[in-house]
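Note: the block below is protein.csv and it holds CSV, C-alpha atoms.
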chain,number,residue,atom,x,y,z
K,1,MET,CA,157.8,62.3,169.0
K,2,GLY,CA,161.2,63.0,167.5
K,3,THR,CA,162.5,63.8,164.1
K,4,ALA,CA,162.9,61.5,161.1
K,5,LEU,CA,165.1,62.1,158.0
K,6,VAL,CA,163.9,60.6,154.8
K,7,THR,CA,166.0,60.5,151.6
K,8,GLY,CA,164.2,60.3,148.3
K,9,ALA,CA,161.2,61.9,150.0
K,10,SER,CA,159.7,63.5,146.9
K,11,ALA,CA,158.2,60.4,145.3
K,12,GLY,CA,157.5,56.7,145.7
K,13,LEU,CA,158.1,55.0,149.1
K,14,GLY,CA,159.9,58.0,150.4
K,15,LEU,CA,156.8,60.1,149.9
K,16,GLU,CA,154.7,57.5,151.8
K,17,PHE,CA,157.3,57.4,154.6
K,18,ALA,CA,157.1,61.1,154.9
K,19,TRP,CA,153.3,61.1,155.2
K,20,GLN,CA,153.1,58.2,157.7
K,21,LEU,CA,155.8,59.6,159.9
K,22,ALA,CA,154.3,63.1,159.9
K,23,THR,CA,150.8,61.7,160.7
K,24,ALA,CA,152.4,59.8,163.6
K,25,ARG,CA,153.5,63.2,164.9
K,26,HIS,CA,157.2,63.0,163.9
K,27,ASP,CA,158.9,66.1,162.6
K,28,VAL,CA,160.5,65.3,159.3
K,29,VAL,CA,163.6,66.3,157.3
K,30,LEU,CA,162.8,65.8,153.6
K,31,VAL,CA,165.8,65.0,151.3
K,32,ALA,CA,165.7,64.9,147.5
K,33,ARG,CA,166.9,66.8,144.4
K,34,ASP,CA,163.6,68.4,143.5
K,35,GLU,CA,163.2,71.6,145.6
K,36,GLU,CA,159.8,72.4,144.2
K,37,ARG,CA,158.3,69.1,145.1
K,38,LEU,CA,159.9,69.0,148.5
K,39,THR,CA,158.7,72.5,149.4
K,40,ARG,CA,155.2,71.6,148.3
K,41,LEU,CA,155.3,68.4,150.3
K,42,ALA,CA,156.6,70.2,153.4
K,43,ARG,CA,153.8,72.7,153.3
K,44,GLN,CA,151.2,69.9,153.0
K,45,LEU,CA,152.7,67.9,155.9
K,46,GLU,CA,152.8,71.0,158.2
K,47,ALA,CA,149.2,71.9,157.3
K,48,ALA,CA,147.8,68.4,157.6
K,49,ALA,CA,149.8,67.0,160.5
K,50,GLY,CA,150.9,70.0,162.4
K,51,VAL,CA,154.6,69.0,162.4
K,52,ARG,CA,157.7,70.7,161.4
K,53,ALA,CA,158.9,69.7,157.9
K,54,GLU,CA,162.4,70.7,156.9
K,55,VAL,CA,163.5,70.8,153.3
K,56,LEU,CA,167.1,69.7,152.5
K,57,VAL,CA,167.8,69.7,148.8
K,58,ALA,CA,170.6,67.3,147.9
K,59,ASP,CA,171.8,65.3,145.0
K,60,LEU,CA,172.9,62.1,146.7
K,61,SER,CA,175.3,61.2,143.8
K,62,ASP,CA,177.3,64.3,144.8
K,63,ARG,CA,179.7,63.7,147.7
K,64,ALA,CA,179.5,67.3,149.0
K,65,ASP,CA,175.7,67.1,149.1
K,66,VAL,CA,175.8,63.8,150.9
K,67,GLU,CA,178.1,65.4,153.5
K,68,ARG,CA,175.6,68.2,154.0
K,69,VAL,CA,173.0,65.6,154.8
K,70,ALA,CA,175.4,63.7,157.1
K,71,GLU,CA,176.1,67.0,159.0
K,72,ARG,CA,172.4,67.4,159.5
K,73,LEU,CA,172.3,63.9,161.0
K,74,ARG,CA,175.2,64.7,163.3
K,75,SER,CA,173.6,67.9,164.7
K,76,PRO,CA,173.4,67.7,168.5
K,77,GLN,CA,171.0,70.7,168.6
K,78,ARG,CA,168.5,69.1,166.3
K,79,PRO,CA,168.8,65.4,166.8
K,80,VAL,CA,167.4,62.9,164.3
K,81,GLY,CA,165.8,59.8,165.9
K,82,LEU,CA,165.1,57.9,162.7
K,83,LEU,CA,167.1,57.8,159.4
K,84,VAL,CA,165.2,56.3,156.4
K,85,ASN,CA,167.7,55.6,153.6
K,86,ASN,CA,165.2,55.3,150.8
K,87,ALA,CA,166.7,57.1,147.8
K,88,GLY,CA,167.2,54.8,144.8
K,89,TYR,CA,166.2,54.0,141.3
K,90,GLY,CA,166.4,51.3,138.6
K,91,LEU,CA,168.9,51.5,135.8
K,92,ASN,CA,167.2,50.4,132.6
K,93,GLN,CA,170.3,49.0,130.9
K,94,GLU,CA,172.5,46.0,130.5
K,95,PHE,CA,175.8,46.2,132.3
K,96,VAL,CA,178.2,45.2,129.5
K,97,ASP,CA,176.7,47.5,126.8
K,98,GLY,CA,175.5,50.1,129.2
K,99,ASP,CA,176.9,53.5,130.4
K,100,VAL,CA,179.4,52.8,133.1
K,101,HIS,CA,179.1,56.4,134.4
K,102,ALA,CA,175.4,55.8,135.0
K,103,GLU,CA,176.4,52.6,136.9
K,104,GLU,CA,178.8,54.6,139.1
K,105,VAL,CA,176.2,57.2,139.9
K,106,ALA,CA,173.7,54.5,140.9
K,107,LEU,CA,176.4,52.9,143.1
K,108,ASP,CA,177.0,56.2,144.8
K,109,VAL,CA,173.3,56.8,145.5
K,110,MET,CA,172.3,53.3,146.6
K,111,VAL,CA,175.5,52.1,148.3
K,112,ARG,CA,178.0,54.8,149.2
K,113,THR,CA,175.3,57.2,150.4
K,114,VAL,CA,173.6,54.5,152.6
K,115,MET,CA,177.0,53.8,154.2
K,116,VAL,CA,177.9,57.5,154.8
K,117,LEU,CA,174.5,58.5,156.2
K,118,SER,CA,174.3,55.4,158.3
K,119,HIS,CA,177.7,56.1,159.8
K,120,ALA,CA,176.7,59.7,160.6
K,121,ALA,CA,173.4,58.7,162.1
K,122,ALA,CA,174.8,55.9,164.2
K,123,GLY,CA,177.6,58.1,165.4
K,124,ALA,CA,175.1,60.6,166.7
K,125,MET,CA,172.5,58.1,168.0
K,126,VAL,CA,174.8,55.7,170.0
K,127,PRO,CA,175.9,58.4,172.5
K,128,ARG,CA,172.3,59.3,173.1
K,129,GLY,CA,171.4,55.6,173.6
K,130,ARG,CA,168.4,55.6,171.3
K,131,GLY,CA,167.6,55.8,167.6
K,132,ALA,CA,166.9,53.7,164.5
K,133,ILE,CA,168.2,53.3,161.0
K,134,LEU,CA,165.9,52.0,158.3
K,135,ASN,CA,167.4,51.1,155.0
K,136,VAL,CA,165.2,50.3,152.0
K,137,GLY,CA,166.4,47.2,150.3
K,138,SER,CA,164.5,44.9,147.9
K,139,ILE,CA,163.5,41.4,147.3
K,140,ALA,CA,165.9,41.8,144.3
K,141,ALA,CA,168.7,41.4,146.8
K,142,LEU,CA,168.1,37.7,146.6
K,143,MET,CA,167.8,37.6,142.8
K,144,ALA,CA,170.2,38.2,139.9
K,145,SER,CA,168.6,41.3,138.3
K,146,GLY,CA,171.7,43.3,137.2
K,147,THR,CA,173.6,45.7,139.4
K,148,TYR,CA,170.4,46.8,141.2
K,149,SER,CA,170.3,43.3,142.8
K,150,ALA,CA,174.0,43.7,143.7
K,151,HIS,CA,173.3,47.1,145.3
K,152,LYS,CA,170.4,45.8,147.4
K,153,ALA,CA,172.3,42.7,148.4
K,154,TRP,CA,175.0,45.0,149.8
K,155,VAL,CA,172.3,47.0,151.6
K,156,ARG,CA,170.9,43.9,153.2
K,157,THR,CA,174.2,42.5,154.3
K,158,PHE,CA,175.4,45.9,155.5
K,159,THR,CA,172.3,46.4,157.6
K,160,GLU,CA,172.6,43.0,159.2
K,161,SER,CA,176.2,43.7,160.1
K,162,LEU,CA,175.3,47.1,161.4
K,163,ALA,CA,172.6,45.6,163.6
K,164,VAL,CA,175.1,43.2,165.1
K,165,GLU,CA,177.4,46.1,165.9
K,166,LEU,CA,174.6,48.1,167.5
K,167,ARG,CA,173.4,45.4,169.9
K,168,GLY,CA,173.1,46.8,173.4
K,169,THR,CA,173.4,50.4,172.4
K,170,GLY,CA,169.7,51.3,172.2
K,171,VAL,CA,170.0,51.9,168.5
K,172,THR,CA,168.6,49.5,165.9
K,173,ALA,CA,169.1,48.9,162.2
K,174,THR,CA,166.4,47.4,159.9
K,175,VAL,CA,166.3,46.6,156.2
K,176,VAL,CA,163.0,46.5,154.5
K,177,ASN,CA,162.8,44.2,151.4
K,178,PRO,CA,159.6,45.0,149.4
K,179,GLY,CA,158.7,43.2,146.2
K,180,PHE,CA,156.9,44.9,143.3
K,181,THR,CA,155.2,48.0,144.7
K,182,HIS,CA,152.8,50.5,143.2
K,183,THR,CA,154.9,53.7,143.1
K,184,GLU,CA,156.6,55.8,140.5
K,185,PHE,CA,159.7,53.6,140.6
K,186,HIS,CA,159.2,51.6,137.4
K,187,GLU,CA,157.6,54.5,135.5
K,188,ARG,CA,160.5,56.8,136.3
K,189,GLY,CA,163.0,54.1,135.4
K,190,ARG,CA,161.2,53.5,132.1
K,191,ILE,CA,160.8,49.8,133.1
K,192,ASP,CA,157.9,48.0,131.4
K,193,MET,CA,155.9,46.0,134.0
K,194,SER,CA,152.7,45.6,132.0
K,195,ALA,CA,153.2,41.8,131.9
K,196,MET,CA,153.3,41.4,135.6
K,197,PRO,CA,150.0,40.0,137.2
K,198,ASP,CA,148.1,42.0,139.7
K,199,ALA,CA,148.9,39.4,142.4
K,200,VAL,CA,152.6,40.4,142.6
K,201,TRP,CA,151.9,44.0,143.5
K,202,LEU,CA,152.0,45.6,146.9
K,203,ASN,CA,150.6,49.0,148.0
K,204,ALA,CA,153.1,51.6,149.2
K,205,GLU,CA,151.0,52.3,152.2
K,206,ASP,CA,151.2,48.7,153.4
K,207,VAL,CA,154.9,48.4,152.7
K,208,VAL,CA,155.7,51.5,154.7
K,209,ALA,CA,153.4,50.6,157.6
K,210,ALA,CA,155.0,47.2,157.9
K,211,ALA,CA,158.5,48.6,157.7
K,212,LEU,CA,157.8,51.2,160.5
K,213,ALA,CA,156.1,48.5,162.6
K,214,ASP,CA,159.2,46.3,162.3
K,215,VAL,CA,161.4,49.3,163.2
K,216,ARG,CA,159.4,49.8,166.4
K,217,ARG,CA,159.8,46.2,167.4
K,218,GLY,CA,163.5,46.2,166.6
K,219,ALA,CA,163.4,43.7,163.7
K,220,VAL,CA,166.5,43.5,161.5
K,221,ILE,CA,164.8,42.0,158.4
K,222,SER,CA,161.4,43.3,157.3
K,223,THR,CA,159.7,41.6,154.4
K,224,PRO,CA,156.2,43.0,153.8
K,225,SER,CA,153.4,40.6,153.0
K,226,LEU,CA,153.1,36.8,153.3
K,227,ARG,CA,153.6,36.3,149.6
K,228,TYR,CA,157.0,38.0,149.6
K,229,LYS,CA,158.0,36.2,152.8
K,230,ALA,CA,157.4,33.0,150.8
K,231,VAL,CA,159.3,34.3,147.8
K,232,SER,CA,162.2,35.3,150.0
K,233,ALA,CA,162.3,31.9,151.7
K,234,ILE,CA,162.3,30.1,148.3
K,235,ALA,CA,165.0,32.4,146.9
K,236,ARG,CA,167.2,31.8,149.9
K,237,LEU,CA,166.8,28.0,149.7
K,238,ALA,CA,166.8,27.6,145.9
K,239,PRO,CA,170.1,26.6,144.1
K,240,ARG,CA,171.7,29.8,142.8
K,241,GLY,CA,171.6,28.4,139.3
K,242,ALA,CA,167.8,28.3,139.5
K,243,VAL,CA,167.7,31.9,140.8
K,244,ARG,CA,169.9,33.0,137.9
K,245,SER,CA,167.6,31.3,135.4
K,246,VAL,CA,164.7,33.5,136.3
K,247,GLY,CA,166.4,36.4,134.4
K,248,ARG,CA,165.5,40.0,134.4
K,249,TYR,CA,162.1,41.8,134.1
K,250,ARG,CA,163.1,45.0,132.4
K,251,ARG,CA,162.7,46.1,128.8
K,252,PRO,CA,165.4,48.5,127.3
K,253,THR,CA,163.9,51.9,126.6
K,254,ASP,CA,165.1,55.3,127.7
K,255,GLU,CA,167.4,56.4,130.5
K,256,PRO,CA,166.0,56.4,134.0
K,257,VAL,CA,165.2,59.4,136.2
K,258,ALA,CA,166.4,59.2,139.8
K,259,ASP,CA,164.2,59.9,142.8
Rewrite the structure from the file as structure tokens, please.
Amino acid sequence: MGTALVTGASAGLGLEFAWQLATARHDVVLVARDEERLTRLARQLEAAAGVRAEVLVADLSDRADVERVAERLRSPQRPVGLLVNNAGYGLNQEFVDGDVHAEEVALDVMVRTVMVLSHAAAGAMVPRGRGAILNVGSIAALMASGTYSAHKAWVRTFTESLAVELRGTGVTATVVNPGFTHTEFHERGRIDMSAMPDAVWLNAEDVVAAALADVRRGAVISTPSLRYKAVSAIARLAPRGAVRSVGRYRRPTDEPVAD
């Protein structure tokens, strides 16, 4: 069934992507910083799904590590048919008073890495005439929630532009834009979400299933659930002043931990 490479595979949506792809009989390349968690996951996937699970330990804020992942995507001997650019995290700080180095690292992981890995994957897939790139965005791309919104807005626009360039090649590009989802994301980012009502939350299993279904049908924009399709439509049509007035949902606490 081919091989999928998933970044940020040790937790959150990346973990769910790894499981759903493996159970669909895809071999997987698991990319994250935590070697222990990746190795344990690889063993579980191989035992449960009978696929090959390759561990690639990499810090995606490190340019040399990103290049190692890019080289894996370029490999003609072990082709990757699906790239899932999932790695990311929330910065629990204001921009003006925050640590600019932390902002640079987040930009590297959620923007530069997406660009570099997409370039490597597309460059290998187009000559083969098949393949797919799935970038994990966010409904935040349409909001004004700090630099995280800016990063995800870039991912959304970049993916749409890439999809236009890839027309007719047999390779597709999709961006999935989930809303609030039950994962480790907010806990690891030290972001207090206790005030959010149950109705806004999605399950990781449903988000990943919807995203992979949209990849299979060649959709460019994937927005899981009717409720977030409606939120997305409202955010696109609303005056930007109204969008900005919504504000942010975080509470300042400790520094975040990246996936």
Excluding Asn86 (chain K) and any residue of its chain fewer than 2 positions from it, enumerate the residues within 10 Å of it, using only C-alpha atoms, and give them as a list in words.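 In the requested form, the answer reads Leu5, Val6, Thr7, Gly8, Ala9, Gly12, Leu13, Gly14, Leu15, Phe17, Val31, Leu83, Val84, Gly88, Tyr89, Val109, Met110, Val114, Leu134, Asn135, Val136, Gly137, Val176 and Asp259 of chain K.
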Near Leu82 (chain K), within 9 Å and counting all atoms listed in the file, which residues show up once chain neighbours fewer than 6 positions away are dropped, as a list in words? Gly2, Thr3, Ala4, Leu5, Val6, Ala121, Gly131, Ala132, Ile133 and Leu134 of chain K
Based on the selection just made, write C-alpha atoms of those residues as a PDB file, keeping the file's coordinate frame.
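Below is the file that was written, again.pdb:
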ATOM      1  CA  GLY K   2     161.200  63.000 167.500  1.00  0.00           C
ATOM      2  CA  THR K   3     162.500  63.800 164.100  1.00  0.00           C
ATOM      3  CA  ALA K   4     162.900  61.500 161.100  1.00  0.00           C
ATOM      4  CA  LEU K   5     165.100  62.100 158.000  1.00  0.00           C
ATOM      5  CA  VAL K   6     163.900  60.600 154.800  1.00  0.00           C
ATOM      6  CA  ALA K 121     173.400  58.700 162.100  1.00  0.00           C
ATOM      7  CA  GLY K 131     167.600  55.800 167.600  1.00  0.00           C
ATOM      8  CA  ALA K 132     166.900  53.700 164.500  1.00  0.00           C
ATOM      9  CA  ILE K 133     168.200  53.300 161.000  1.00  0.00           C
ATOM     10  CA  LEU K 134     165.900  52.000 158.300  1.00  0.00           C
TER      11      LEU K 134
END
Which residues are near Thr23 (chain K)? Cut-off 12 Å, all atoms listed in the file, ignore same chain within fewer than 4 positions. Put them as an mmCIF file with C-alpha atoms, keeping the file's coordinate frame.
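What ended up in selection_11.cif:
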data_model
loop_
_atom_site.group_PDB
_atom_site.id
_atom_site.type_symbol
_atom_site.label_atom_id
_atom_site.label_comp_id
_atom_site.auth_asym_id
_atom_site.auth_seq_id
_atom_site.Cartn_x
_atom_site.Cartn_y
_atom_site.Cartn_z
ATOM 1 C CA MET K 1 157.800 62.300 169.000
ATOM 2 C CA GLU K 16 154.700 57.500 151.800
ATOM 3 C CA PHE K 17 157.300 57.400 154.600
ATOM 4 C CA ALA K 18 157.100 61.100 154.900
ATOM 5 C CA TRP K 19 153.300 61.100 155.200
ATOM 6 C CA ASP K 27 158.900 66.100 162.600
ATOM 7 C CA VAL K 28 160.500 65.300 159.300
ATOM 8 C CA GLN K 44 151.200 69.900 153.000
ATOM 9 C CA LEU K 45 152.700 67.900 155.900
ATOM 10 C CA GLU K 46 152.800 71.000 158.200
ATOM 11 C CA ALA K 47 149.200 71.900 157.300
ATOM 12 C CA ALA K 48 147.800 68.400 157.600
ATOM 13 C CA ALA K 49 149.800 67.000 160.500
ATOM 14 C CA GLY K 50 150.900 70.000 162.400
ATOM 15 C CA VAL K 51 154.600 69.000 162.400
ATOM 16 C CA ARG K 52 157.700 70.700 161.400
ATOM 17 C CA ALA K 53 158.900 69.700 157.900
ATOM 18 C CA ALA K 209 153.400 50.600 157.600
#
Compare K:Ala120, K:Asp97, K:Gly218, K:Ala213 by their minimum atom-to-atom distance to Ala24 (chain K), counting only C-alpha atoms, and give me the closest one. K:Ala213
To one decimal place in Å, what is the distance between CA of Asp65 (chain K) and CA of Ala141 (chain K)?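 CA of Ala141 (chain K) lies 26.7 Å from CA of Asp65 (chain K).
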So how many Å separate CA of Asp214 (chain K) and CA of Ala122 (chain K), to one decimal?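 Result for CA of Asp214 (chain K) versus CA of Ala122 (chain K): 18.4 Å, one decimal.
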Return the single residue from K:Val100, K:Met143, K:Met125, K:Val111 that is closest to Leu73 (chain K), with distances computed using all atoms listed in the file.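 Among K:Val100, K:Met143, K:Met125, K:Val111, it is K:Met125 that comes nearest to Leu73 (chain K).
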Could you work out how far CA of Lys152 (chain K) lies from CA of Ser138 (chain K), giving the answer in Å with one decimal?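 Interatomic distance here is 6.0 Å.
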Name all residues at most 12 Å from Val105 (chain K) (count all atoms listed in the file; drop same-chain ones fewer than 2 positions away) and give them as number ranges by chain. K: 59-63, 88-91, 99-103, 107-113, 147-148, 151, 256-258
Excluding same-chain residues fewer than 4 positions from Val55 (chain K), what lies within 8 Å of it counting all atoms listed in the file, as a ChimeraX atom specification? /K:29-31,35,38-39,42
